[in-house]
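For reference, the structure is listed below as structure tokens.
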Amino acid sequence: MCFAKSFATIGLLGLLVGSAPAADLSKIPRTIAKEPVYKSKPKYCLVVFGPEVKKRMWIVLDGDVLYVDKNGNGDLTEKGKSLSFTNQPLNVPDPTYPLEELHNFSVGDLTDGGVTYANVEISHTILKKNFEAKGEFGKDMARLLKKDPELTRLGVHASRNGKVRFQALGYAADGPKEAPILYIDGPLTMKPHNVSGLVRGSTPFEFYAVVGTQGLGEDSFAILDYTEIPESAKPLVEIEFPGKGESKRADTKVSLGRC
């Protein structure tokens with residue numbers, strides 16, 4: 001979603017954003033009962049599903065192999081829990097685009113009570129060794145790589161009962177205790193999708209927002225697929241602009257339109 005061209009004073013997101021409180025992800029134990037002998041430096045991420053976060057799945061990247069705790073028992077040494085990838089070249093000739101290819105791992109279907117998360121797929125983004133850090137995305141990737149040269153970008157794709165689609169993204173950690181938590185199919189909220197935020201000045205620009213579930217860890221967010229958002233939904237954003245002097249502040253309300 002992006003800013004509509006006109007201002008509005010009405011509009012609600014109640015159709016999309018539920019009132020159920022989000023689970024406290026920081027209280028979820030981040031431990032693994034049994035791990036294999038890894039061949040390289042492992043990278044960890046925890047994925048949880050549903051409002052009650054009862055379904056939990058560890059994913060650990062070991063070089064080109066991904067260990068997936070599909071049944072959630074914490075034993076990554078069990079048969080069938082190591083997956084190989086299929087390669088998806090991105091072939092984007094733009095020298096400012098930072099992504100080289102995707103390594104896709106097919107997990108299959110997961111069940112959580114009466115809910116099935118179908119066609120679960122995990123992707124490992126391979127970054128270009130050299131790219132021009134221009135544009136919002138390129139600059140943000142360069143910032144993250146400067147902070148962590150071993151940056152491991154993992155994505156999770158799933159659909160609830162084969163219908164409602166989610167895409168989650170997070171940056172894997174060096175150990176379980178520091179691992180990000182990606183939250184699929186939890187309470188919905190909205191967040192800005194622009195890296196730079198609001199831009200000062202009189203030149204119009206498009207500000208993007210997404211609907212989804214907040215995870216734990218930098219940029220850990222599960223986006224609800226764009227096509228799942230009803231066209232009748234009219235989200236409203238209220239923005240406060242700081243003025244000169246603490247007492248001089250102005251705010252405005254802007255309705256979001258479909259991009």
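Every chain in the structure tokens has a letter given in the order shown (A, B, ...), and although residue numbers restart at 1 in each chain, ligands are simply numbered from 1 in the order shown.
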
Who sits within 12 Å of Met141 in chain A, only C-alpha atoms, same chain under 3 positions skipped, as a ChimeraX atom specification: /A:96-99,125-138,144-153,171,195,219

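The helix (DSSP H, G or I) portion of range 34-139 of chain A consists of Gly135, Glu136, Phe137, Gly138 and Lys139 of chain A, with states taken from DSSP on the backbone.
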
Strand (DSSP E) residues, from DSSP on the backbone, in range 171-249 of chain A, as a VMD selection string: chain A and resid 171 181 to 184 189 to 192 209 to 214 221 to 224 236 to 242 249

Atomic distance CA of Val60 in chain A - CA of Ser159 in chain A, expressed in Å with one decimal: 21.5 Å

Range 25-42 of chain A surroundings by only C-alpha atoms, 12 Å radius, close-in-sequence under 5 positions cut, as number ranges by chain: A: 47-49, 51-69, 72-79, 81-82, 150, 152, 172-183, 186, 213-217, 220

Close residues, Leu102 in chain A itself excluded, 9 Å, only C-alpha atoms, min 5 positions apart in chain, as a ChimeraX atom specification: /A:86-90,123-127

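You can rank A:Arg165, A:Arg143, A:Lys191, A:Arg200 by their closest distance to Tyr226 in chain A using only C-alpha atoms, and at the top of that list sits A:Arg165.
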
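CA of Asp225 in chain A is positioned 8.2 Å from CA of Val211 in chain A.
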
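Counting from CA of Tyr208 in chain A, the distance to CA of Met190 in chain A is 10.4 Å.
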